[in-house]
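First the structure, in the form of structure tokens, and then the observations on it.
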Amino acid sequence: MDNKRFIEILSERVGLDKGDTSKVIGQLCEIISETVVQEDCVIVPSFGNFEPKKKLERVVVHPSSGKKLLVPPRLTLGFKPSTLLKNEIKGM
């Protein structure tokens, strides 16, 4: 499903016009992004958790040259689906 179709379906279900629905989705994504950057978890009931995970600095070996490289630390985003969502998927 593309973004346009998603906005159409959501706007029909909540009774807002497409412009307002698009703004709500944009703000939701912005809030999730800001919260994750602050290294805090975002829990969406009956959907799942967005969890920031820190990857530590590490040394790796380049496969072709054999050179050791230092990979800097970084923040990644993990998603853990809720039990309800898992059960709905299994029930399909």
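Ordered as shown in the structure tokens, chains take letters A, B, and onward, while each chain numbers its residues from 1 and ligands are numbered from 1 in the order shown.
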Counting only C-alpha atoms, give me one row per residue of region 17-45 of chain A with an atom at most 10 Å from an atom of region 49-55 of chain A, showing the shortest contact pair and its distance in Å to one decimal, sorted by chain then residue number, as a tab-separated table.
```
residue	atom	partner	partner_atom	distance
A:Ile32	CA	A:Phe50	CA	8.1
A:Ser33	CA	A:Phe50	CA	9.8
A:Thr35	CA	A:Pro52	CA	9.1
A:Val36	CA	A:Pro52	CA	5.7
A:Val37	CA	A:Pro52	CA	7.6
A:Gln38	CA	A:Pro52	CA	8.8
A:Glu39	CA	A:Pro52	CA	5.6
A:Asp40	CA	A:Pro52	CA	6.8
A:Cys41	CA	A:Glu51	CA	4.8
A:Val42	CA	A:Phe50	CA	5.1
A:Ile43	CA	A:Asn49	CA	4.5
A:Val44	CA	A:Asn49	CA	6.1
A:Pro45	CA	A:Asn49	CA	8.3
```
* Determine which residues of region 24-84 of chain A DSSP labels as strand (DSSP E or B) from the backbone of this structure, then write them out as a list in words. =>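 The strand (DSSP E or B) subset of region 24-84 of chain A is Val42, Ile43, Val44, Gly48, Asn49, Phe50, Glu51, Pro52, Lys53, Lys54, Lys55, Arg58, Val59, Val60, Val61, Lys68, Leu69, Leu70, Val71, Arg74, Leu75, Thr76, Leu77, Gly78, Phe79, Lys80 and Pro81 of chain A.
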* Can you list, as a count of residues only, every protein, DNA or RNA residue that comes within 12 Å of Ile7 (chain A) when you count only C-alpha atoms, leaving out same-chain residues fewer than 6 positions away? -> 15
* Output as a PyMOL selection string all residues of chain A that backbone DSSP marks as helix (DSSP H, G or I). => chain A and resi 3-14+18-37+83-91
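Nearest residue to Gly48 (chain A), choosing from A:Pro72, A:Gly91, A:Gly66, A:Pro81 and counting only C-alpha atoms: A:Pro81.
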* Asked: Val60 (chain A): which residues within 10 Å, counting only C-alpha atoms, same-chain residues fewer than 4 positions away excluded, as a list in words?
  -> Gly66, Lys67, Lys68, Leu69, Leu70 and Val71 of chain A
* **Separation of CA of Phe6 (chain A) from CA of Glu34 (chain A) in Å** => 22.8 Å
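Pairwise distance (CA of Phe47 (chain A), CA of Gly78 (chain A)) equals 13.6 Å.
Here CA of Thr76 (chain A) is placed at a distance of 28.3 Å from CA of Arg5 (chain A).
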